[in-house]
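Trainee: This is query00.txt, which holds compact mmCIF, C-alpha atoms:
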```txt
# COMPACT_ATOMS: atom_id res chain seq x y z
CA MET A 1 0.00 0.00 0.00
CA ILE A 2 2.88 2.37 0.65
CA SER A 3 5.25 1.03 -2.02
CA PRO A 4 3.83 3.21 -4.84
CA THR A 5 4.83 6.34 -2.93
CA VAL A 6 8.12 5.03 -1.56
CA LEU A 7 9.30 3.43 -4.82
CA ASN A 8 7.96 6.10 -7.16
CA MET A 9 5.79 3.77 -9.20
CA ASN A 10 3.82 4.77 -12.29
CA GLN A 11 0.02 4.90 -12.40
CA SER A 12 -0.78 1.34 -13.49
CA THR A 13 1.62 -0.38 -11.11
CA SER A 14 0.51 1.93 -8.29
CA ASP A 15 -3.16 1.10 -8.84
CA ASN A 16 -2.27 -2.58 -8.94
CA ASN A 17 -0.57 -2.37 -5.55
CA TYR A 18 -3.32 -0.17 -4.09
CA ILE A 19 -5.81 -2.91 -4.95
CA ILE A 20 -3.78 -5.99 -4.04
CA GLY A 21 -2.40 -4.55 -0.77
CA PRO A 22 -5.71 -4.03 1.07
CA LEU A 23 -7.08 -7.32 -0.23
CA ALA A 24 -4.03 -9.24 1.00
CA ILE A 25 -4.26 -7.57 4.40
CA THR A 26 -7.99 -8.32 4.58
CA PHE A 27 -7.60 -12.02 3.86
CA SER A 28 -4.66 -12.22 6.26
CA VAL A 29 -6.64 -10.63 9.09
CA ILE A 30 -9.73 -12.74 8.42
CA SER A 31 -7.65 -15.93 8.48
CA LEU A 32 -6.08 -15.06 11.86
CA TRP A 33 -9.11 -16.68 13.46
CA ILE A 34 -8.95 -20.44 13.04
CA ILE A 35 -12.55 -20.74 11.92
CA ASN A 36 -11.66 -18.84 8.73
CA ARG A 37 -8.09 -20.00 8.33
CA ASN A 38 -8.73 -21.12 4.74
CA ALA A 39 -9.31 -17.49 3.73
CA ILE A 40 -5.52 -17.21 3.54
CA LYS A 41 -5.60 -19.28 0.36
CA ALA A 42 -7.01 -16.27 -1.45
CA ASN A 43 -3.63 -14.64 -0.87
CA ILE A 44 -2.01 -17.36 -2.95
CA ILE A 45 -4.12 -16.21 -5.88
CA LEU A 46 -3.17 -12.61 -5.18
CA GLY A 47 0.50 -13.61 -5.05
CA ILE A 48 0.22 -15.41 -8.39
CA TRP A 49 -1.39 -12.30 -9.87
CA LEU A 50 1.47 -10.16 -8.54
CA LEU A 51 3.92 -12.50 -10.31
CA VAL A 52 1.96 -12.37 -13.56
CA ALA A 53 1.65 -8.59 -13.27
CA LEU A 54 5.45 -8.31 -13.29
CA PHE A 55 5.34 -9.21 -16.98
CA ILE A 56 2.11 -7.48 -17.90
CA LEU A 57 2.56 -4.09 -16.26
CA HIS A 58 5.38 -1.75 -17.09
CA PHE A 59 7.59 -1.02 -14.07
CA SER A 60 9.50 2.25 -14.47
CA GLU A 61 11.92 1.41 -11.65
CA THR A 62 13.87 -1.84 -11.25
CA ILE A 63 13.57 -1.62 -7.47
CA ALA A 64 9.77 -1.56 -7.80
CA PHE A 65 9.91 -4.66 -10.03
CA LEU A 66 12.06 -6.51 -7.50
CA SER A 67 9.95 -5.37 -4.57
CA ASN A 68 6.76 -6.64 -6.15
CA GLY A 69 8.44 -9.89 -7.12
CA ILE A 70 9.71 -10.52 -3.60
CA CYS A 71 6.30 -9.65 -2.12
CA ALA A 72 4.61 -12.03 -4.56
CA VAL A 73 6.87 -14.93 -3.60
CA LEU A 74 6.55 -14.22 0.13
CA LEU A 75 2.78 -13.92 -0.16
CA ILE A 76 2.55 -17.31 -1.89
CA LEU A 77 4.95 -19.06 0.47
CA LEU A 78 3.59 -17.65 3.72
CA SER A 79 -0.01 -18.23 2.67
CA SER A 80 0.79 -21.88 1.93
CA ILE A 81 1.83 -22.67 5.49
CA LYS A 82 -0.70 -24.99 7.12
CA ARG A 83 -1.80 -24.25 10.65
CA LYS A 84 -2.69 -26.82 13.26
CA THR A 85 -5.77 -26.26 15.34
CA THR A 86 -7.21 -27.62 18.55
CA GLU A 87 -10.52 -25.87 18.06
CA LYS A 88 -13.51 -27.83 16.90
CA PHE A 89 -16.26 -26.29 14.82
CA GLY A 90 -18.55 -29.22 14.13
CA GLY A 91 -16.88 -29.93 10.81
CA GLY A 92 -16.42 -26.28 9.85
CA TRP A 93 -17.87 -24.49 6.87
CA ARG A 94 -17.62 -27.52 4.60
CA SER A 95 -20.06 -29.36 6.88
CA LEU A 96 -22.83 -27.19 5.46
CA PHE A 97 -22.34 -28.89 2.09
CA GLN A 98 -22.01 -32.46 3.37
CA HIS A 99 -24.77 -35.02 3.50
CA ASN A 100 -23.86 -36.44 6.91
CA PRO A 101 -21.62 -33.85 8.58
CA LEU A 102 -19.75 -34.27 11.84
CA HIS A 103 -22.04 -32.04 13.91
CA LEU A 104 -25.08 -34.03 12.77
CA ARG A 105 -23.47 -37.36 13.68
CA GLU A 106 -22.44 -35.99 17.05
CA ALA A 107 -25.94 -34.63 17.73
CA GLU A 108 -27.48 -38.01 16.92
CA LYS A 109 -24.98 -39.76 19.17
CA ILE A 110 -25.86 -37.40 22.05
CA SER A 111 -29.58 -37.94 21.42
CA THR A 112 -29.16 -41.71 21.46
CA ASN A 113 -27.16 -41.65 24.71
CA SER A 114 -29.61 -39.35 26.47
CA MET B 1 -22.69 -24.13 33.38
CA ASN B 2 -25.43 -22.57 31.24
CA GLU B 3 -22.83 -21.58 28.67
CA GLU B 4 -21.51 -25.13 28.46
CA ARG B 5 -25.04 -26.45 27.96
CA PHE B 6 -25.19 -24.40 24.80
CA THR B 7 -21.96 -25.71 23.29
CA PRO B 8 -22.94 -26.90 19.78
CA PRO B 9 -22.40 -30.61 18.98
CA ALA B 10 -18.83 -31.42 17.88
CA TRP B 11 -17.66 -27.99 19.04
CA ASN B 12 -15.38 -27.52 22.04
CA TYR B 13 -16.66 -24.09 23.00
CA ASN B 14 -19.85 -22.03 22.93
CA PRO B 15 -19.56 -19.27 20.30
CA SER B 16 -22.37 -17.16 21.84
CA THR B 17 -20.80 -16.46 25.22
CA TRP B 18 -20.51 -12.87 26.41
CA GLN B 19 -16.71 -13.26 26.53
CA GLN B 20 -16.89 -13.83 22.76
CA ARG B 21 -19.37 -11.06 22.02
CA ILE B 22 -18.47 -8.16 24.29
CA PRO B 23 -15.14 -7.39 22.56
CA LEU B 24 -16.95 -7.30 19.21
CA ILE B 25 -19.63 -4.99 20.58
CA ILE B 26 -17.02 -2.63 22.02
CA VAL B 27 -14.99 -2.55 18.80
CA ALA B 28 -18.14 -2.01 16.71
CA PHE B 29 -19.12 0.86 19.01
CA ILE B 30 -15.72 2.47 18.46
CA GLY B 31 -16.31 2.11 14.73
CA PHE B 32 -19.71 3.74 15.18
CA CYS B 33 -18.13 6.72 16.97
CA ILE B 34 -15.53 7.17 14.23
CA ALA B 35 -18.18 6.94 11.49
CA MET B 36 -20.43 9.44 13.29
CA TYR B 37 -17.51 11.90 13.62
CA LEU B 38 -16.87 11.62 9.88
CA GLY B 39 -20.60 11.96 9.26
CA PHE B 40 -20.69 15.17 11.33
CA TYR B 41 -18.10 16.66 8.97
CA GLN B 42 -20.05 15.57 5.90
CA MET B 43 -23.21 17.15 7.35
CA HIS B 44 -21.27 20.37 8.11
CA ILE B 45 -21.90 20.03 11.83
CA ILE B 46 -18.15 20.38 12.35
CA ASN B 47 -15.83 22.45 10.12
CA LYS B 48 -12.73 20.33 10.22
CA ALA B 49 -11.97 16.60 10.18
CA TRP B 50 -8.90 15.58 12.14
CA ASP B 51 -6.19 13.71 10.23
CA PRO B 52 -2.81 13.17 11.96
CA PHE B 53 -0.97 11.76 8.91
CA PHE B 54 -2.39 13.04 5.65
CA ASP B 55 -3.00 16.78 6.28
CA SER B 56 -6.39 17.50 4.76
CA GLY B 57 -6.69 14.02 3.28
CA THR B 58 -9.71 13.11 5.37
CA GLU B 59 -11.59 16.21 4.27
CA LYS B 60 -10.72 15.59 0.62
CA VAL B 61 -11.93 12.00 0.78
CA LEU B 62 -15.16 12.96 2.58
CA THR B 63 -15.96 15.68 0.03
CA SER B 64 -14.85 13.71 -3.04
CA LYS B 65 -17.08 13.13 -6.08
CA LEU B 66 -17.31 9.46 -5.14
CA SER B 67 -18.54 10.35 -1.67
CA GLN B 68 -21.13 12.75 -3.10
CA LYS B 69 -22.65 10.04 -5.29
CA PHE B 70 -24.42 8.57 -2.26
CA PRO B 71 -27.89 9.99 -1.47
CA ILE B 72 -26.96 10.37 2.20
CA PRO B 73 -23.51 10.96 3.74
CA ASP B 74 -21.64 7.70 3.29
CA ALA B 75 -20.12 8.00 6.75
CA LEU B 76 -23.64 7.84 8.17
CA LEU B 77 -24.24 4.65 6.20
CA GLY B 78 -21.18 3.23 7.90
CA ALA B 79 -22.40 4.44 11.28
CA PHE B 80 -25.74 2.73 10.69
CA GLY B 81 -23.89 -0.48 9.83
CA TYR B 82 -21.87 -0.32 13.02
CA LEU B 83 -24.98 0.48 15.08
CA LEU B 84 -26.63 -2.60 13.60
CA ASP B 85 -23.56 -4.61 14.63
CA VAL B 86 -23.75 -3.28 18.19
CA VAL B 87 -27.48 -3.87 18.61
CA SER B 88 -27.47 -7.29 16.97
CA GLY B 89 -24.43 -8.24 19.04
CA ILE B 90 -26.25 -7.40 22.28
CA ILE B 91 -29.58 -9.11 21.63
CA GLY B 92 -29.91 -12.68 22.87
CA GLY B 93 -28.42 -14.88 25.57
CA VAL B 94 -25.57 -17.34 25.60
CA GLY B 95 -27.48 -19.85 23.51
CA ARG B 96 -28.66 -17.46 20.84
CA TRP B 97 -27.06 -19.46 18.00
CA LYS B 98 -29.89 -21.92 18.74
CA THR B 99 -32.55 -19.87 20.52
CA LYS B 100 -32.40 -16.85 18.17
CA PRO B 101 -30.77 -17.85 14.86
CA TRP B 102 -32.42 -14.84 13.18
CA ILE B 103 -30.38 -12.30 15.17
CA VAL B 104 -27.16 -14.27 14.64
CA ILE B 105 -27.79 -14.36 10.90
CA ILE B 106 -28.53 -10.61 10.88
CA PHE B 107 -25.33 -10.01 12.88
CA GLY B 108 -23.30 -12.10 10.45
CA ILE B 109 -24.82 -10.41 7.39
CA ALA B 110 -24.25 -6.95 8.92
CA VAL B 111 -20.61 -7.68 9.72
CA GLY B 112 -19.61 -9.40 6.47
CA PRO B 113 -20.78 -6.97 3.78
CA LEU B 114 -19.78 -3.98 5.94
CA GLY B 115 -16.23 -5.27 5.96
CA LEU B 116 -16.21 -5.85 2.22
CA VAL B 117 -17.60 -2.38 1.49
CA SER B 118 -14.95 -0.89 3.77
CA ILE B 119 -12.20 -2.57 1.79
CA LEU B 120 -13.64 -1.27 -1.47
CA LEU B 121 -13.65 2.24 0.01
CA VAL B 122 -10.03 1.81 1.16
CA ILE B 123 -9.05 0.83 -2.38
CA SER B 124 -10.98 3.77 -3.83
CA GLN B 125 -9.07 6.30 -1.71
CA PRO B 126 -5.77 6.20 -3.62
CA VAL B 127 -7.11 4.82 -6.91
CA ILE B 128 -10.14 7.08 -7.47
CA VAL B 129 -9.95 9.94 -4.99
CA GLY B 130 -6.16 10.26 -4.93
CA HIS B 131 -5.95 10.92 -1.18
CA TRP B 132 -5.79 8.92 2.04
CA CYS B 133 -8.00 9.34 5.07
CA THR B 134 -6.64 8.17 8.43
CA LEU B 135 -9.96 7.77 10.23
CA CYS B 136 -11.45 6.00 7.20
CA LEU B 137 -8.55 3.54 7.33
CA CYS B 138 -9.15 3.04 11.06
CA SER B 139 -12.83 2.38 10.42
CA ALA B 140 -12.01 -0.07 7.64
CA THR B 141 -9.57 -1.88 9.93
CA ILE B 142 -12.28 -2.21 12.57
CA SER B 143 -14.81 -3.57 10.11
CA VAL B 144 -12.32 -6.17 8.83
CA VAL B 145 -11.20 -7.19 12.33
CA ILE B 146 -14.75 -7.97 13.48
CA ILE B 147 -15.59 -10.22 10.51
CA SER B 148 -13.95 -13.45 11.65
CA PRO B 149 -14.89 -13.38 15.35
CA ALA B 150 -18.55 -12.99 14.35
CA MET B 151 -18.46 -15.93 11.98
CA ASP B 152 -18.32 -18.76 14.53
CA GLU B 153 -21.80 -17.96 15.85
CA PHE B 154 -22.99 -17.62 12.28
CA LEU B 155 -21.63 -21.09 11.45
CA ALA B 156 -23.18 -22.61 14.60
CA SER B 157 -26.62 -21.24 13.64
CA LEU B 158 -26.33 -22.48 10.07
CA GLN B 159 -25.31 -25.93 11.30
CA TYR B 160 -28.31 -25.91 13.66
CA LEU B 161 -30.65 -25.07 10.78
CA GLN B 162 -29.01 -27.86 8.79
CA ARG B 163 -29.87 -30.31 11.57
CA VAL B 164 -33.42 -28.96 11.60
CA LYS B 165 -33.68 -29.62 7.87
CA HIS B 166 -32.27 -33.12 8.32
CA LYS B 167 -35.01 -33.87 10.82
CA GLN B 168 -37.53 -32.52 8.30
CA LEU B 169 -38.71 -29.88 10.75
CA SER B 170 -39.65 -26.31 9.86
CA ILE B 171 -36.52 -24.30 9.10
CA TRP B 172 -38.65 -21.13 9.12
CA LYS B 173 -39.87 -21.76 12.66
CA ALA B 174 -36.40 -22.76 13.84
CA PHE B 175 -34.95 -19.59 12.25
CA TRP B 176 -37.29 -17.46 14.36
CA GLY B 177 -36.37 -19.38 17.51
CA SER B 178 -39.12 -21.93 17.94
CA ARG B 179 -38.87 -23.14 21.54
CA GLU B 180 -40.45 -26.46 20.63
CA ILE B 181 -37.79 -27.24 18.05
CA GLU B 182 -34.96 -25.75 20.09
CA GLN B 183 -35.79 -27.84 23.16
CA ASN B 184 -36.17 -31.10 21.25
CA LEU B 185 -33.20 -30.82 18.90
CA ILE B 186 -29.55 -30.69 19.85
```
Could you render the structure from this file as C-alpha cells?
Mentor:
Amino acid sequence: MISPTVLNMNQSTSDNNYIIGPLAITFSVISLWIINRNAIKANIILGIWLLVALFILHFSETIAFLSNGICAVLLILLSSIKRKTTEKFGGGWRSLFQHNPLHLREAEKISTNS
Amino acid sequence: MNEERFTPPAWNYNPSTWQQRIPLIIVAFIGFCIAMYLGFYQMHIINKAWDPFFDSGTEKVLTSKLSQKFPIPDALLGAFGYLLDVVSGIIGGVGRWKTKPWIVIIFGIAVGPLGLVSILLVISQPVIVGHWCTLCLCSATISVVIISPAMDEFLASLQYLQRVKHKQLSIWKAFWGSREIEQNLI
C-alpha cells in the first residue's frame, strides 16, 4: 500500500498495488481466526497475480519490479503454510455442504445416549 | 454451566458467550463513533476533520465526487452499519445461536458486507480519490477485524438449521427461535 509512494511507481503499477495490498491484508486478518483460516488461500491467488503482473505491467523502476516480485513470492509461500488447530467447529464451513456432517453425527450420538 | 449447555455438537466451545461477544460490541461501538464523527463533517456540523498523517486528506476523501454520489452521507451509512452490529451483538443470551438464529444471521450479514464495502472504500481512496484518510482507514480496519470473530456464531446457527432440515422440521420456525424445536433438537 505504501510502495507506490516510496518506490515512485507509475500509475498502473501503483493502482495494482493499491488494490492488491488491502485485499491481501484483509484475507490475512480474516484468516487469523482459526474458523476462517482457509481465507488465507485467497492470498495465494493474489500472489500469483502479482507475479503475472510483473510481466504485464510496465515497471518504471527496477527496485519496484524486484519489490513486487519478492512480495509475490513471500505472499505465496507464507499463505501456503498450514496451521494446526485444537478448536472444533462441528466440521467447519464444509459441513454445510455435506450429506452427513460431523455435527449431525455428534448430535445423533448425544440424542441416542440421552 | 449454562454456557456449556449451549456448546454446539462437535464444538469444544460455545460461540455465543458474552466473553466472545463483548469485545466485538465494544470494537463495533468504536467504529460507530468514528463513522459518526466523519458523518458530522459531511453534514457540516463540524468544520474540520482531524487527520494526523495526511494533512487534509480526510476532508478531501469525505468531500470527493465518489462520496457525493451517495444519497446520504456515506459515513452515516457506515455508522448505521456499526450500530446494527452493536445492537445485533447485544440481543440474545448465551445460547442465541440456537434460541435466536435470526439475530445471529442478521449479525453475520451486517458484519460481512460492511467489511467488504470498507475494503472497497479503502481501495478507492488512492485509486479514485487520490488521497488517504486516516480515520477511514481506522474504520475499515475495525470492520475487517470484526468479521472473523462474528463468523463462529454464524456457522453454529447455520449448522443448527441444517440439523433442523435433516429432521424434516420447519426451518422457518427454527430460524425465528421456535422453543419447541430448540428444546427437542440438539
Trainee: Using all atoms listed in the file, which protein or nucleic acid residues come within 10 Å of segment 75-83 of chain A? Drop anything in the same chain fewer than 5 positions from it, and give the result as a list in words.
Mentor: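 Within the cut-off, the hits are Ala24, Phe27, Ser28, Ser31, Ile34, Arg37, Asn38, Ala39, Ile40, Lys41, Ala42, Asn43, Ile44, Ile45, Leu46, Gly47, Ile48, Leu50, Leu51, Gly69 and Ile70 of chain A.
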Trainee: Compile the contact shell of segment 94-104 of chain B as a PyMOL selection string: residues with an atom at most 10 Å away, counting only C-alpha atoms, same-chain residues fewer than 5 positions apart removed.
Mentor: chain B and resi 2-8+14-21+87-89+109-110+150-161+172+174-179+181-183+185-186
Trainee: Write the residues you've just listed into a file as a JSON list (two decimals), in the coordinates of the input, and include C-alpha atoms for each of them.
Mentor:
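The result, stored in result_25.json:
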```
[["chain", "number", "residue", "atom", "x", "y", "z"],
["B", 2, "ASN", "CA", -25.43, -22.57, 31.24],
["B", 3, "GLU", "CA", -22.83, -21.58, 28.67],
["B", 4, "GLU", "CA", -21.51, -25.13, 28.46],
["B", 5, "ARG", "CA", -25.04, -26.45, 27.96],
["B", 6, "PHE", "CA", -25.19, -24.40, 24.80],
["B", 7, "THR", "CA", -21.96, -25.71, 23.29],
["B", 8, "PRO", "CA", -22.94, -26.90, 19.78],
["B", 14, "ASN", "CA", -19.85, -22.03, 22.93],
["B", 15, "PRO", "CA", -19.56, -19.27, 20.30],
["B", 16, "SER", "CA", -22.37, -17.16, 21.84],
["B", 17, "THR", "CA", -20.80, -16.46, 25.22],
["B", 18, "TRP", "CA", -20.51, -12.87, 26.41],
["B", 19, "GLN", "CA", -16.71, -13.26, 26.53],
["B", 20, "GLN", "CA", -16.89, -13.83, 22.76],
["B", 21, "ARG", "CA", -19.37, -11.06, 22.02],
["B", 87, "VAL", "CA", -27.48, -3.87, 18.61],
["B", 88, "SER", "CA", -27.47, -7.29, 16.97],
["B", 89, "GLY", "CA", -24.43, -8.24, 19.04],
["B", 109, "ILE", "CA", -24.82, -10.41, 7.39],
["B", 110, "ALA", "CA", -24.25, -6.95, 8.92],
["B", 150, "ALA", "CA", -18.55, -12.99, 14.35],
["B", 151, "MET", "CA", -18.46, -15.93, 11.98],
["B", 152, "ASP", "CA", -18.32, -18.76, 14.53],
["B", 153, "GLU", "CA", -21.80, -17.96, 15.85],
["B", 154, "PHE", "CA", -22.99, -17.62, 12.28],
["B", 155, "LEU", "CA", -21.63, -21.09, 11.45],
["B", 156, "ALA", "CA", -23.18, -22.61, 14.60],
["B", 157, "SER", "CA", -26.62, -21.24, 13.64],
["B", 158, "LEU", "CA", -26.33, -22.48, 10.07],
["B", 159, "GLN", "CA", -25.31, -25.93, 11.30],
["B", 160, "TYR", "CA", -28.31, -25.91, 13.66],
["B", 161, "LEU", "CA", -30.65, -25.07, 10.78],
["B", 172, "TRP", "CA", -38.65, -21.13, 9.12],
["B", 174, "ALA", "CA", -36.40, -22.76, 13.84],
["B", 175, "PHE", "CA", -34.95, -19.59, 12.25],
["B", 176, "TRP", "CA", -37.29, -17.46, 14.36],
["B", 177, "GLY", "CA", -36.37, -19.38, 17.51],
["B", 178, "SER", "CA", -39.12, -21.93, 17.94],
["B", 179, "ARG", "CA", -38.87, -23.14, 21.54],
["B", 181, "ILE", "CA", -37.79, -27.24, 18.05],
["B", 182, "GLU", "CA", -34.96, -25.75, 20.09],
["B", 183, "GLN", "CA", -35.79, -27.84, 23.16],
["B", 185, "LEU", "CA", -33.20, -30.82, 18.90],
["B", 186, "ILE", "CA", -29.55, -30.69, 19.85]]
```
Trainee: Taking (-17.8, -26.1, 6.9) in the coordinates of the supplied file, I want to know which residues reach to within 10 Å of it, counting all atoms listed in the file; could you give the answer as a ChimeraX atom specification?
Mentor: /A:35-36,89-98,101-102 /B:155,158-159
Trainee: Using only C-alpha atoms, find the residues of chain B whose closest atom to chain A is at most 9 Å away, then write them as a tab-separated table (two decimals) with C-alpha atoms, in the frame of the given file.
Mentor:
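Okay, part.tsv is ready:
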```tsv
chain	number	residue	atom	x	y	z
B	8	PRO	CA	-22.94	-26.90	19.78
B	9	PRO	CA	-22.40	-30.61	18.98
B	10	ALA	CA	-18.83	-31.42	17.88
B	11	TRP	CA	-17.66	-27.99	19.04
B	12	ASN	CA	-15.38	-27.52	22.04
B	13	TYR	CA	-16.66	-24.09	23.00
B	115	GLY	CA	-16.23	-5.27	5.96
B	116	LEU	CA	-16.21	-5.85	2.22
B	119	ILE	CA	-12.20	-2.57	1.79
B	120	LEU	CA	-13.64	-1.27	-1.47
B	122	VAL	CA	-10.03	1.81	1.16
B	123	ILE	CA	-9.05	0.83	-2.38
B	124	SER	CA	-10.98	3.77	-3.83
B	125	GLN	CA	-9.07	6.30	-1.71
B	126	PRO	CA	-5.77	6.20	-3.62
B	127	VAL	CA	-7.11	4.82	-6.91
B	141	THR	CA	-9.57	-1.88	9.93
B	144	VAL	CA	-12.32	-6.17	8.83
B	145	VAL	CA	-11.20	-7.19	12.33
B	146	ILE	CA	-14.75	-7.97	13.48
B	147	ILE	CA	-15.59	-10.22	10.51
B	148	SER	CA	-13.95	-13.45	11.65
B	149	PRO	CA	-14.89	-13.38	15.35
B	151	MET	CA	-18.46	-15.93	11.98
B	152	ASP	CA	-18.32	-18.76	14.53
B	155	LEU	CA	-21.63	-21.09	11.45
B	156	ALA	CA	-23.18	-22.61	14.60
B	158	LEU	CA	-26.33	-22.48	10.07
B	159	GLN	CA	-25.31	-25.93	11.30
B	160	TYR	CA	-28.31	-25.91	13.66
B	162	GLN	CA	-29.01	-27.86	8.79
B	163	ARG	CA	-29.87	-30.31	11.57
B	166	HIS	CA	-32.27	-33.12	8.32
B	185	LEU	CA	-33.20	-30.82	18.90
B	186	ILE	CA	-29.55	-30.69	19.85
```
Trainee: If I wrap all listed atoms of segment 40-49 of chain A in a box with edges along x, y and z and add 3 Å on each side, what are its centre and edge lengths in Å to one decimal, as lines of an AutoDock Vina configuration file?
Mentor:
```
center_x = -3.3
center_y = -15.8
center_z = -3.2
size_x = 13.5
size_y = 13.0
size_z = 19.4
```
Trainee: From the options A:Thr85, A:Ser3, A:Ser114, A:Asn10, which residue's atoms come nearest to Ser67 of chain A, counting all atoms listed in the file?
Mentor: A:Ser3
Trainee: Mind pulling up the distance from atom CA of Met36 of chain B to atom CA of Ile105 of chain B?
Mentor: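 About the pair atom CA of Ile105 of chain B and atom CA of Met36 of chain B: they are 25.0 Å apart.
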Trainee: Within 9 Å of segment 74-77 of chain B, counting only C-alpha atoms, which residues qualify if same-chain residues fewer than 3 places away don't, as an MDAnalysis selection string?
Mentor: chainID B and resid 34:40 42 62 67:71 80:82 136
Trainee: With 9 Å as the threshold, what does the neighbourhood of (-22.7, -6.0, 19.9) contain in terms of residues, counting only C-alpha atoms? Coordinates are those of the file; answer as a compact mmCIF listing (two decimals) with C-alpha atoms, keeping the file's coordinate frame.
Mentor:
```txt
# COMPACT_ATOMS: atom_id res chain seq x y z
CA ARG B 21 -19.37 -11.06 22.02
CA ILE B 22 -18.47 -8.16 24.29
CA PRO B 23 -15.14 -7.39 22.56
CA LEU B 24 -16.95 -7.30 19.21
CA ILE B 25 -19.63 -4.99 20.58
CA ILE B 26 -17.02 -2.63 22.02
CA VAL B 27 -14.99 -2.55 18.80
CA ALA B 28 -18.14 -2.01 16.71
CA PHE B 29 -19.12 0.86 19.01
CA TYR B 82 -21.87 -0.32 13.02
CA LEU B 83 -24.98 0.48 15.08
CA LEU B 84 -26.63 -2.60 13.60
CA ASP B 85 -23.56 -4.61 14.63
CA VAL B 86 -23.75 -3.28 18.19
CA VAL B 87 -27.48 -3.87 18.61
CA SER B 88 -27.47 -7.29 16.97
CA GLY B 89 -24.43 -8.24 19.04
CA ILE B 90 -26.25 -7.40 22.28
CA ILE B 91 -29.58 -9.11 21.63
CA PHE B 107 -25.33 -10.01 12.88
```
Trainee: Quick one, how far is atom CA of Phe53 of chain B from atom CA of Leu7 of chain A?
Mentor: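 Separation between atom CA of Phe53 of chain B and atom CA of Leu7 of chain A: 19.1 Å.
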